[in-house]
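Student: Provided below: upload_11.cif, containing mmCIF, C-alpha atoms.
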data_target
loop_
_atom_site.label_atom_id
_atom_site.label_comp_id
_atom_site.auth_asym_id
_atom_site.auth_seq_id
_atom_site.Cartn_x
_atom_site.Cartn_y
_atom_site.Cartn_z
CA MET A 5 2.35 -17.32 2.80
CA ARG A 6 1.73 -15.77 6.19
CA TYR A 7 3.00 -12.80 8.17
CA ILE A 8 5.18 -13.39 11.23
CA PRO A 9 6.41 -10.71 13.69
CA ILE A 10 10.20 -10.52 13.69
CA ILE A 11 10.46 -11.94 17.23
CA TYR A 12 9.05 -15.27 15.97
CA ILE A 13 11.29 -15.58 12.90
CA ARG A 14 13.52 -18.64 13.14
CA GLU A 15 16.46 -20.09 11.27
CA GLY A 16 15.39 -22.25 8.32
CA MET A 17 12.16 -20.40 7.53
CA ILE A 18 11.55 -19.56 3.86
CA LEU A 19 11.02 -15.90 2.93
CA GLY A 20 7.69 -15.17 1.21
CA LYS A 21 8.43 -11.69 -0.16
CA THR A 22 11.59 -9.98 -1.41
CA LEU A 23 13.05 -7.51 1.11
CA TYR A 24 14.51 -4.16 0.15
CA GLY A 25 17.03 -1.88 1.88
CA ASP A 26 16.85 1.85 2.54
CA ASN A 27 18.09 2.69 -0.97
CA GLY A 28 15.76 0.30 -2.78
CA GLU A 29 18.42 -2.40 -3.07
CA VAL A 30 17.45 -6.07 -2.68
CA LEU A 31 18.45 -7.43 0.73
CA LEU A 32 16.91 -10.89 0.45
CA THR A 33 15.05 -12.45 -2.45
CA LYS A 34 11.78 -14.33 -2.20
CA LYS A 35 12.25 -18.01 -1.16
CA ALA A 36 15.58 -17.25 0.54
CA LEU A 37 16.36 -19.52 3.50
CA ILE A 38 16.53 -17.48 6.71
CA ARG A 39 19.86 -17.66 8.57
CA PRO A 40 20.65 -16.39 12.09
CA SER A 41 22.84 -13.58 10.69
CA TYR A 42 19.91 -12.40 8.53
CA ILE A 43 17.62 -12.18 11.54
CA LYS A 44 20.11 -10.01 13.47
CA LYS A 45 20.56 -7.72 10.48
CA LEU A 46 16.82 -7.35 9.88
CA ILE A 47 16.20 -6.54 13.54
CA ALA A 48 18.97 -3.92 13.39
CA LEU A 49 17.35 -2.40 10.30
CA GLY A 50 14.06 -2.12 12.17
CA TYR A 51 11.94 -4.69 10.32
CA CYS A 52 8.83 -5.52 12.37
CA GLY A 53 8.07 -8.81 10.65
CA LEU A 54 8.34 -10.90 7.49
CA TYR A 55 6.14 -12.95 5.20
CA ILE A 56 7.18 -16.59 5.19
CA ILE A 57 6.11 -19.68 3.27
CA ASP A 58 5.54 -22.97 5.08
CA GLU A 59 3.30 -26.04 4.91
CA LEU A 60 0.53 -24.21 6.75
CA SER A 61 0.50 -21.27 4.35
CA GLU A 62 1.93 -22.36 1.00
CA ASP A 63 -1.53 -22.20 -0.61
CA ILE A 64 -2.30 -18.69 0.73
CA THR A 65 -1.69 -15.81 -1.69
CA VAL A 66 -1.32 -12.22 -0.49
CA MET A 67 -2.50 -9.96 -3.33
CA GLU A 68 -0.91 -6.51 -3.52
CA ILE A 69 -2.94 -3.46 -4.54
CA ILE A 70 0.20 -2.20 -6.37
CA ASN A 71 3.23 -4.28 -7.30
CA GLU A 72 6.28 -4.16 -5.05
CA ASP A 73 8.68 -2.86 -7.74
CA LEU A 74 6.46 0.16 -8.40
CA LYS A 75 6.12 0.79 -4.68
CA ILE A 76 9.88 0.68 -4.07
CA LYS A 77 10.52 2.90 -7.10
CA THR A 78 8.04 5.48 -5.77
CA ILE A 79 9.48 5.34 -2.25
CA LYS A 80 12.92 6.02 -3.71
CA SER A 81 11.58 8.96 -5.74
CA VAL A 82 9.95 10.51 -2.67
CA LYS A 83 13.19 10.06 -0.73
CA ASN A 84 15.15 11.80 -3.49
CA LEU A 85 12.69 14.68 -3.52
CA MET A 86 12.58 15.11 0.26
CA GLN A 87 16.12 16.41 0.56
CA PRO A 88 16.81 19.92 1.86
CA ASN A 89 18.58 22.65 -0.10
CA MET A 90 17.96 21.24 -3.58
CA LYS A 91 18.09 23.45 -6.64
CA LYS A 92 14.83 24.13 -8.45
CA LYS A 93 16.00 22.15 -11.51
CA GLU A 94 16.62 19.07 -9.34
CA ILE A 95 13.21 19.44 -7.71
CA GLN A 96 11.50 19.64 -11.10
CA THR A 97 13.35 16.52 -12.31
CA TYR A 98 12.24 14.43 -9.32
CA LEU A 99 8.69 15.77 -9.51
CA LYS A 100 8.43 14.60 -13.13
CA ILE A 101 9.53 11.09 -12.10
CA ILE A 102 6.93 11.11 -9.31
CA GLU A 103 4.21 12.27 -11.70
CA LYS A 104 4.98 9.32 -14.00
CA SER A 105 4.84 6.87 -11.06
CA MET A 106 1.53 8.38 -9.98
CA GLY A 107 -0.04 7.51 -13.30
CA ASP A 108 1.16 3.92 -12.92
CA ILE A 109 -0.14 3.70 -9.33
CA VAL A 110 -3.60 4.94 -10.36
CA ASP A 111 -3.71 2.40 -13.22
CA GLU A 112 -2.80 -0.50 -10.93
CA ILE A 113 -5.30 0.46 -8.22
CA LEU A 114 -8.07 0.81 -10.82
CA PHE A 115 -7.16 -2.64 -12.17
CA ASN A 116 -7.33 -4.09 -8.62
CA LYS A 117 -10.26 -1.97 -7.46
CA ASP A 118 -12.20 -4.94 -6.07
CA LEU A 119 -9.39 -5.92 -3.69
CA MET A 120 -9.50 -4.97 -0.02
CA VAL A 121 -6.25 -3.37 1.12
CA ASN A 122 -4.06 -5.69 3.21
CA MET A 123 -1.97 -3.07 4.97
CA ILE A 124 0.91 -4.97 6.53
CA ASP A 125 4.00 -3.15 5.34
CA LEU A 126 7.55 -4.47 5.52
CA LYS A 127 8.97 -1.07 6.45
CA VAL A 128 12.60 -0.24 7.16
CA ALA A 129 12.30 1.84 10.34
CA SER A 130 14.72 4.55 9.22
CA GLU A 131 12.70 5.03 6.01
CA TYR A 132 9.33 5.50 7.75
CA THR A 133 8.54 8.92 6.23
CA PHE A 134 8.95 7.68 2.66
CA TYR A 135 7.06 4.38 3.10
CA HIS A 136 4.36 6.29 4.95
CA SER A 137 3.97 8.78 2.10
CA VAL A 138 3.42 5.98 -0.43
CA ASN A 139 1.00 4.11 1.86
CA VAL A 140 -1.06 7.26 2.41
CA CYS A 141 -1.10 7.79 -1.35
CA VAL A 142 -2.38 4.24 -2.01
CA LEU A 143 -5.02 4.37 0.73
CA SER A 144 -6.24 7.78 -0.48
CA ILE A 145 -6.58 6.61 -4.08
CA VAL A 146 -8.47 3.50 -2.92
CA LEU A 147 -10.97 5.80 -1.17
CA GLY A 148 -11.12 8.00 -4.27
CA VAL A 149 -11.96 4.97 -6.44
CA ALA A 150 -14.74 4.01 -4.01
CA LEU A 151 -16.05 7.59 -4.33
CA LYS A 152 -16.07 7.13 -8.12
CA PHE A 153 -13.52 9.83 -8.86
CA GLU A 154 -12.54 10.27 -12.49
CA LYS A 155 -9.03 9.10 -13.40
CA LYS A 156 -7.62 12.65 -13.54
CA GLU A 157 -9.07 13.36 -10.09
CA LEU A 158 -7.49 10.16 -8.71
CA TYR A 159 -4.13 11.28 -10.10
CA LEU A 160 -4.43 14.67 -8.37
CA LEU A 161 -5.58 13.09 -5.09
CA GLY A 162 -2.69 10.61 -5.19
CA LEU A 163 -0.17 13.36 -5.85
CA SER A 164 -1.50 15.42 -2.94
CA ALA A 165 -1.37 12.39 -0.63
CA LEU A 166 2.10 11.34 -1.76
CA LEU A 167 3.48 14.83 -1.09
CA HIS A 168 1.46 15.56 2.06
CA ASP A 169 4.53 15.48 4.35
CA MET A 170 6.91 17.42 2.08
CA GLY A 171 7.08 20.20 4.65
CA LYS A 172 8.96 17.89 7.02
CA ILE A 173 12.17 18.61 5.10
CA TYR A 174 12.23 21.80 7.19
CA THR A 175 11.66 19.97 10.49
CA PRO A 176 14.81 19.04 12.47
CA ASN A 177 15.49 15.28 12.58
CA GLU A 178 15.90 15.36 16.35
CA ILE A 179 12.23 16.34 16.56
CA LEU A 180 10.99 13.94 13.85
CA ASP A 181 12.84 10.98 15.40
CA LYS A 182 12.50 11.86 19.07
CA PRO A 183 11.85 8.63 21.04
CA ALA A 184 9.63 10.40 23.58
CA LYS A 185 6.69 12.75 23.81
CA LEU A 186 7.29 16.13 22.15
CA THR A 187 7.37 19.29 24.23
CA TYR A 188 4.83 22.02 23.50
CA GLU A 189 7.51 24.00 21.63
CA GLU A 190 8.56 20.97 19.56
CA PHE A 191 4.96 20.24 18.62
CA GLN A 192 4.52 23.82 17.43
CA ILE A 193 7.49 23.27 15.09
CA ILE A 194 6.01 19.98 13.82
CA LYS A 195 2.70 21.73 13.12
CA GLN A 196 4.42 24.03 10.65
CA HIS A 197 5.04 21.18 8.19
CA SER A 198 1.62 21.32 6.52
CA GLU A 199 2.00 25.01 5.63
CA ASN A 200 5.66 24.56 4.69
CA GLY A 201 4.76 21.68 2.40
CA TYR A 202 1.95 23.67 0.81
CA ARG A 203 4.29 26.56 0.01
CA TYR A 204 7.06 24.26 -1.23
CA ILE A 205 4.83 22.39 -3.69
CA LYS A 206 2.99 25.52 -4.82
CA GLU A 207 6.31 27.18 -5.67
CA ASN A 208 7.66 24.16 -7.56
CA LEU A 209 4.68 22.40 -9.13
CA ASP A 210 2.20 24.08 -11.47
CA ILE A 211 -0.88 21.97 -10.82
CA ASP A 212 -4.51 22.09 -9.66
CA THR A 213 -5.18 23.98 -6.42
CA LYS A 214 -6.79 20.82 -4.94
CA VAL A 215 -3.32 19.30 -4.63
CA TYR A 216 -2.02 22.24 -2.58
CA MET A 217 -5.11 22.33 -0.39
CA GLY A 218 -4.88 18.63 0.40
CA ILE A 219 -1.32 19.16 1.64
CA TYR A 220 -2.14 22.35 3.53
CA GLN A 221 -5.23 20.98 5.32
CA HIS A 222 -4.32 17.32 5.94
CA HIS A 223 -4.18 17.89 9.72
CA GLU A 224 -7.55 19.62 9.94
CA LYS A 225 -10.16 17.62 11.89
CA TYR A 226 -13.86 17.32 11.12
CA ASP A 227 -14.86 18.84 14.48
CA GLY A 228 -12.60 21.88 14.03
CA THR A 229 -9.86 20.83 16.46
CA GLY A 230 -7.12 20.39 13.84
CA TYR A 231 -4.51 22.74 12.40
CA PRO A 232 -3.38 25.11 10.92
CA LEU A 233 -6.75 26.84 10.31
CA LYS A 234 -9.12 24.92 12.65
CA LEU A 235 -11.50 24.36 9.75
CA LYS A 236 -14.63 22.35 10.42
CA GLY A 237 -16.73 19.84 8.46
CA LYS A 238 -16.96 20.36 4.73
CA LYS A 239 -15.00 23.60 4.92
CA ILE A 240 -12.05 21.20 4.85
CA SER A 241 -11.26 20.21 1.26
CA LEU A 242 -12.39 16.73 0.21
CA PHE A 243 -8.80 15.77 -0.62
CA ALA A 244 -7.69 16.71 2.90
CA ARG A 245 -10.60 14.84 4.52
CA ILE A 246 -9.55 11.72 2.63
CA ILE A 247 -5.81 12.13 3.25
CA THR A 248 -6.20 12.65 7.00
CA ILE A 249 -7.91 9.26 7.41
CA ALA A 250 -5.20 7.51 5.39
CA ASP A 251 -2.48 9.43 7.24
CA VAL A 252 -3.74 8.62 10.73
CA TYR A 253 -4.43 4.96 9.93
CA ASP A 254 -0.97 4.23 8.53
CA ALA A 255 0.64 6.12 11.43
CA LEU A 256 -1.38 4.08 13.94
CA ILE A 257 -0.31 0.69 12.56
CA SER A 258 3.37 1.67 12.16
CA ASP A 259 6.13 1.27 14.74
CA ARG A 260 7.61 4.61 15.74
CA PRO A 261 10.58 5.52 17.99
CA TYR A 262 8.20 6.40 20.85
CA ARG A 263 5.64 3.55 20.56
CA LYS A 264 4.73 0.24 18.91
CA GLY A 265 2.18 0.25 16.12
CA VAL A 266 -1.28 -1.17 16.77
CA LEU A 267 -2.77 -4.13 14.89
CA PRO A 268 -4.67 -3.29 11.66
CA SER A 269 -7.91 -4.36 13.38
CA GLU A 270 -7.25 -1.90 16.21
CA GLY A 271 -6.35 0.82 13.73
CA VAL A 272 -9.63 0.38 11.86
CA GLU A 273 -11.52 0.39 15.17
CA LEU A 274 -9.83 3.63 16.27
CA ILE A 275 -10.67 5.33 12.96
CA MET A 276 -14.29 4.18 13.21
CA GLY A 277 -14.44 5.38 16.82
CA SER A 278 -13.57 8.91 15.66
CA SER A 279 -16.15 8.98 12.86
CA GLY A 280 -18.05 12.26 12.89
CA THR A 281 -15.59 13.91 15.28
CA LEU A 282 -12.06 13.76 13.89
CA PHE A 283 -13.09 12.32 10.52
CA ASP A 284 -15.87 12.70 7.96
CA HIS A 285 -18.34 9.93 8.88
CA ARG A 286 -19.22 9.23 5.23
CA LEU A 287 -15.58 8.65 4.34
CA VAL A 288 -14.99 6.46 7.41
CA LYS A 289 -17.88 4.23 6.35
CA ILE A 290 -16.25 3.74 2.93
CA PHE A 291 -12.81 3.27 4.50
CA SER A 292 -14.06 0.48 6.76
CA LYS A 293 -15.18 -1.49 3.69
CA LYS A 294 -11.90 -1.14 1.80
CA ILE A 295 -9.29 -1.84 4.50
CA ALA A 296 -8.93 -5.37 5.85
CA PRO A 297 -8.86 -5.38 9.68
CA TYR A 298 -7.43 -8.90 9.49
CA PRO A 299 -5.05 -8.92 6.50
CA ILE A 300 -4.54 -12.11 4.50
CA GLY A 301 -1.77 -14.18 6.09
CA THR A 302 -2.63 -13.03 9.63
CA CYS A 303 -2.91 -15.68 12.36
CA VAL A 304 -6.09 -15.36 14.45
CA LYS A 305 -7.81 -17.07 17.36
CA LEU A 306 -11.58 -17.56 17.41
CA SER A 307 -14.03 -17.45 20.30
CA ASN A 308 -14.45 -21.26 20.07
CA ASP A 309 -10.68 -21.80 20.67
CA LEU A 310 -9.90 -22.58 17.02
CA ILE A 311 -6.77 -21.04 15.51
CA GLY A 312 -6.18 -20.31 11.84
CA ILE A 313 -4.79 -18.08 9.10
CA VAL A 314 -6.86 -15.49 7.20
CA VAL A 315 -7.26 -16.53 3.57
CA GLU A 316 -9.72 -14.02 2.13
CA ASN A 317 -11.56 -10.82 3.13
CA TYR A 318 -15.00 -9.50 2.17
CA SER A 319 -15.81 -5.78 1.96
CA SER A 320 -19.37 -6.22 3.27
CA TYR A 321 -18.21 -8.49 6.13
CA CYS A 322 -14.86 -6.96 7.03
CA LEU A 323 -14.78 -8.57 10.51
CA ARG A 324 -15.73 -12.03 9.23
CA PRO A 325 -13.08 -13.33 6.81
CA LEU A 326 -12.44 -16.77 5.36
CA ILE A 327 -10.04 -18.63 7.66
CA LYS A 328 -7.92 -21.72 7.20
CA ILE A 329 -8.24 -23.57 10.52
CA VAL A 330 -4.98 -25.29 11.50
CA LYS A 331 -5.22 -25.77 15.26
CA THR A 332 -7.71 -26.30 18.06
CA GLY A 333 -6.41 -25.25 21.46
CA ASN A 334 -2.85 -26.60 21.57
CA LYS A 335 -3.44 -29.38 19.04
CA LEU A 336 -2.71 -29.20 15.29
CA VAL A 337 -5.55 -30.44 13.07
CA ILE A 338 -5.92 -31.35 9.42
CA PRO A 339 -6.46 -27.89 7.86
CA TYR A 340 -9.95 -26.93 6.71
CA LEU A 341 -11.72 -23.69 5.73
CA MET A 342 -14.21 -21.79 7.89
CA ASN A 343 -16.06 -18.86 6.32
CA LEU A 344 -17.16 -16.56 9.14
CA LYS A 345 -19.52 -14.59 6.91
CA GLU A 346 -21.81 -17.65 6.78
CA SER A 347 -24.51 -17.30 9.42
CA ASN A 348 -24.10 -20.83 10.77
CA TYR A 349 -20.68 -19.91 12.24
CA ASN A 350 -21.59 -18.07 15.42
CA VAL A 351 -17.99 -17.24 16.36
CA THR A 352 -15.83 -14.14 16.39
CA ILE A 353 -12.12 -13.33 16.19
CA THR A 354 -10.78 -12.73 19.69
CA ALA A 355 -7.01 -12.42 19.19
CA VAL A 356 -4.33 -11.81 16.55
CA SER A 357 -0.85 -13.26 17.11
CA ASP A 358 1.51 -15.58 15.32
CA ALA A 359 2.55 -16.87 18.76
CA LEU A 360 -0.71 -18.86 18.63
CA LEU A 361 0.94 -21.33 16.22
CA TYR A 362 3.85 -22.17 18.54
#
Rewrite the structure from the file as structure tokens, please.
Tutor:
Amino acid sequence: MRYIPIIYIREGMILGKTLYGDNGEVLLTKKALIRPSYIKKLIALGYCGLYIIDELSEDITVMEIINEDLKIKTIKSVKNLMQPNMKKKEIQTYLKIIEKSMGDIVDEILFNKDLMVNMIDLKVASEYTFYHSVNVCVLSIVLGVALKFEKKELYLLGLSALLHDMGKIYTPNEILDKPAKLTYEEFQIIKQHSENGYRYIKENLDIDTKVYMGIYQHHEKYDGTGYPLKLKGKKISLFARIITIADVYDALISDRPYRKGVLPSEGVELIMGSSGTLFDHRLVKIFSKKIAPYPIGTCVKLSNDLIGIVVENYSSYCLRPLIKIVKTGNKLVIPYLMNLKESNYNVTITAVSDALLY
């Protein structure tokens, strides 16, 4: 299968992954035939793109770091929890469900620990906060595994990451969803969410202090320019230093009301460019080996004018994946594999766009 931006989806294409609605309901099942009415509906829902299966990509498998059912279940649990004015008994009930899901997420990531993360998410735009929370959780645990955290520590890190934006239940929706730059006053309100989330979780969840601190400090920056305490370097908790990288990366690659998301390759580059200033340089180095800049199923153009689809990624050669070549210039060719990590291929990836195949 391969990923295609929504603007290039056409009638008759075959869906590669099941799509879910904003309440976790199935919208379209895998292998469904795309119809014009589906495309209009998916655009209205805010889908940025879809995975499809065709002759060019039927032999390409996109491996998930956690299975889709578990992800959707967790997204739904976070959504249920992030409702204002809930009674303490309701909060405790949803927290217990989330704690169970966290154990399952840790188990799956440990099982798939050798996989690089292919972070192309089929988000519903209106559900950004909940998808984002789960993505930040997964990315944080992946970093924790690379740091050789014990299983209990991974569970605590994942819980802190999953709940890092809980304080946004106190932030007005007109600020959260504003399709323009925030005013100074609005930004001051947004900045309160880390402390609000810290207090909310501390009052309702009896758990290790590391979880609270990760939530409280996830907007601190390594050079001391963050908030709310302007902490610097290793005075910022390790959980928070991990979560802030995951948080910023997923935000960068996601479409928001006020801007389009950047490509995963650009997101990785921006994180690496802030190593040692905004982010802990040691953690950025690990991050760059675990996140695929060119996710499997992505269409790329090479410096020698060849065009192909990414088939496999390598942690030690993150910018040089295995590619299935399908086109040269404007001409389709009999597909063949080119492994960029082999030294005899003196080419680089110069562009990412599914438009290259049309």
Student: Which residues come within 10 Å of Gln87 (chain A), counting all atoms listed in the file, excluding same-chain residues fewer than 2 positions away, as a PyMOL selection string?
Tutor: chain A and resi 82-85+89-90+95+170+172-174
Student: So which residues touch Ser269 (chain A) within 9 Å, counting all atoms listed in the file, skipping near sequence neighbours fewer than 6 positions away, as a list in words?
Tutor: Ala296, Pro297, Tyr298, Pro299, Leu323 and Val356 of chain A
Student: Need to verify the contact set: Arg245 (chain A), 10 Å, all atoms listed in the file, exclusion of same-chain residues closer than 2 positions in sequence. Can you return it as a PyMOL selection string?
Tutor: chain A and resi 144+218+221-226+237-243+247-250+282-284+287-288
Student: Can you list, as an mmCIF file with C-alpha atoms, in the frame of the given file, the residues that the PyMOL selection byres ((chain A and resi 111) around 12) selects here?
Tutor:
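The result, stored in part37.cif:
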data_model
loop_
_atom_site.group_PDB
_atom_site.id
_atom_site.type_symbol
_atom_site.label_atom_id
_atom_site.label_comp_id
_atom_site.auth_asym_id
_atom_site.auth_seq_id
_atom_site.Cartn_x
_atom_site.Cartn_y
_atom_site.Cartn_z
ATOM 1 C CA ILE A 69 -2.940 -3.460 -4.540
ATOM 2 C CA ILE A 70 0.200 -2.200 -6.370
ATOM 3 C CA ASN A 71 3.230 -4.280 -7.300
ATOM 4 C CA LEU A 74 6.460 0.160 -8.400
ATOM 5 C CA LYS A 104 4.980 9.320 -14.000
ATOM 6 C CA SER A 105 4.840 6.870 -11.060
ATOM 7 C CA MET A 106 1.530 8.380 -9.980
ATOM 8 C CA GLY A 107 -0.040 7.510 -13.300
ATOM 9 C CA ASP A 108 1.160 3.920 -12.920
ATOM 10 C CA ILE A 109 -0.140 3.700 -9.330
ATOM 11 C CA VAL A 110 -3.600 4.940 -10.360
ATOM 12 C CA GLU A 112 -2.800 -0.500 -10.930
ATOM 13 C CA ILE A 113 -5.300 0.460 -8.220
ATOM 14 C CA LEU A 114 -8.070 0.810 -10.820
ATOM 15 C CA PHE A 115 -7.160 -2.640 -12.170
ATOM 16 C CA ASN A 116 -7.330 -4.090 -8.620
ATOM 17 C CA LYS A 117 -10.260 -1.970 -7.460
ATOM 18 C CA VAL A 142 -2.380 4.240 -2.010
ATOM 19 C CA ILE A 145 -6.580 6.610 -4.080
ATOM 20 C CA VAL A 146 -8.470 3.500 -2.920
ATOM 21 C CA VAL A 149 -11.960 4.970 -6.440
ATOM 22 C CA GLU A 154 -12.540 10.270 -12.490
ATOM 23 C CA LYS A 155 -9.030 9.100 -13.400
ATOM 24 C CA LYS A 156 -7.620 12.650 -13.540
ATOM 25 C CA LEU A 158 -7.490 10.160 -8.710
ATOM 26 C CA TYR A 159 -4.130 11.280 -10.100
ATOM 27 C CA GLY A 162 -2.690 10.610 -5.190
#
Student: Pick out the residues sitting within 8 Å of Leu166 (chain A), and hand them over as a list in words; count all atoms listed in the file, and ignore anything fewer than 5 positions along from it in its own chain.
Tutor: Val82, Ser137, Val138, Val140 and Cys141 of chain A
Student: In Å, with one decimal, what is the gap from CA of Leu233 (chain A) to CA of Ile246 (chain A)?
Tutor: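 Computing it gives 17.2 Å between the two atoms.
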Student: Compute the distance from (15.7, -13.4, -3.3) to each atom, counting all atoms listed in the file, keep the residues with any atom at most 9 Å away, and return them as a compact mmCIF listing (two decimals) with C-alpha atoms, keeping the file's coordinate frame; use the coordinates of the file.
Tutor:
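This went into point_31.txt:
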# COMPACT_ATOMS: atom_id res chain seq x y z
CA LEU A 19 11.02 -15.90 2.93
CA LYS A 21 8.43 -11.69 -0.16
CA THR A 22 11.59 -9.98 -1.41
CA LEU A 23 13.05 -7.51 1.11
CA VAL A 30 17.45 -6.07 -2.68
CA LEU A 31 18.45 -7.43 0.73
CA LEU A 32 16.91 -10.89 0.45
CA THR A 33 15.05 -12.45 -2.45
CA LYS A 34 11.78 -14.33 -2.20
CA LYS A 35 12.25 -18.01 -1.16
CA ALA A 36 15.58 -17.25 0.54
Student: Which distance in Å separates CA of Leu267 (chain A) and CA of Gly301 (chain A), to one decimal?
Tutor: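 Those two atoms sit 13.4 Å apart.
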Student: Measure the distance from CA of Cys322 (chain A) to CA of Ala165 (chain A) in Å and round it to one decimal.
Tutor: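 Separation between CA of Cys322 (chain A) and CA of Ala165 (chain A): 24.8 Å.
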Student: Contacts of Ser258 (chain A) at 9 Å or less, counting all atoms listed in the file, minus same-chain residues fewer than 3 places along, as an MDAnalysis selection string?
Tutor: chainID A and resid 125 127 132 136 253:255 263:267
Student: Looking at only C-alpha atoms, which of A:Leu310, A:Tyr231, A:Asp26, A:Ser357 is the one that sits closest to Gly53 (chain A)?
Tutor: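 The closest residue to Gly53 (chain A) is A:Ser357.
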Student: Between A:Asn177, A:Ser307, A:Ser320, A:Thr229, single out the one closest to Ile193 (chain A), counting all atoms listed in the file.
Tutor: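 Among A:Asn177, A:Ser307, A:Ser320, A:Thr229, it is A:Asn177 that comes nearest to Ile193 (chain A).
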Student: So which one's closest to Lys100 (chain A), A:Leu160, A:Tyr7, A:Val330, A:Ser81? Using only C-alpha atoms, please.
Tutor: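 Looking at the shortest contact to Lys100 (chain A), the residue is A:Ser81.
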Student: Translate the PyMOL selection byres ((chain A and resi 43) around 12) into a concrete residue list for this structure, as an MDAnalysis selection string.
Tutor: chainID A and resid 9:17 19 31:32 37:42 44:54
Student: Let me make sure I understand: among A:Tyr55, A:Lys331, A:Gly28, A:Leu119, which one has the smallest atom-to-atom distance to Asn317 (chain A) if we use only C-alpha atoms?
Tutor: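 Among the listed residues, the smallest separation from Asn317 (chain A) belongs to A:Leu119.
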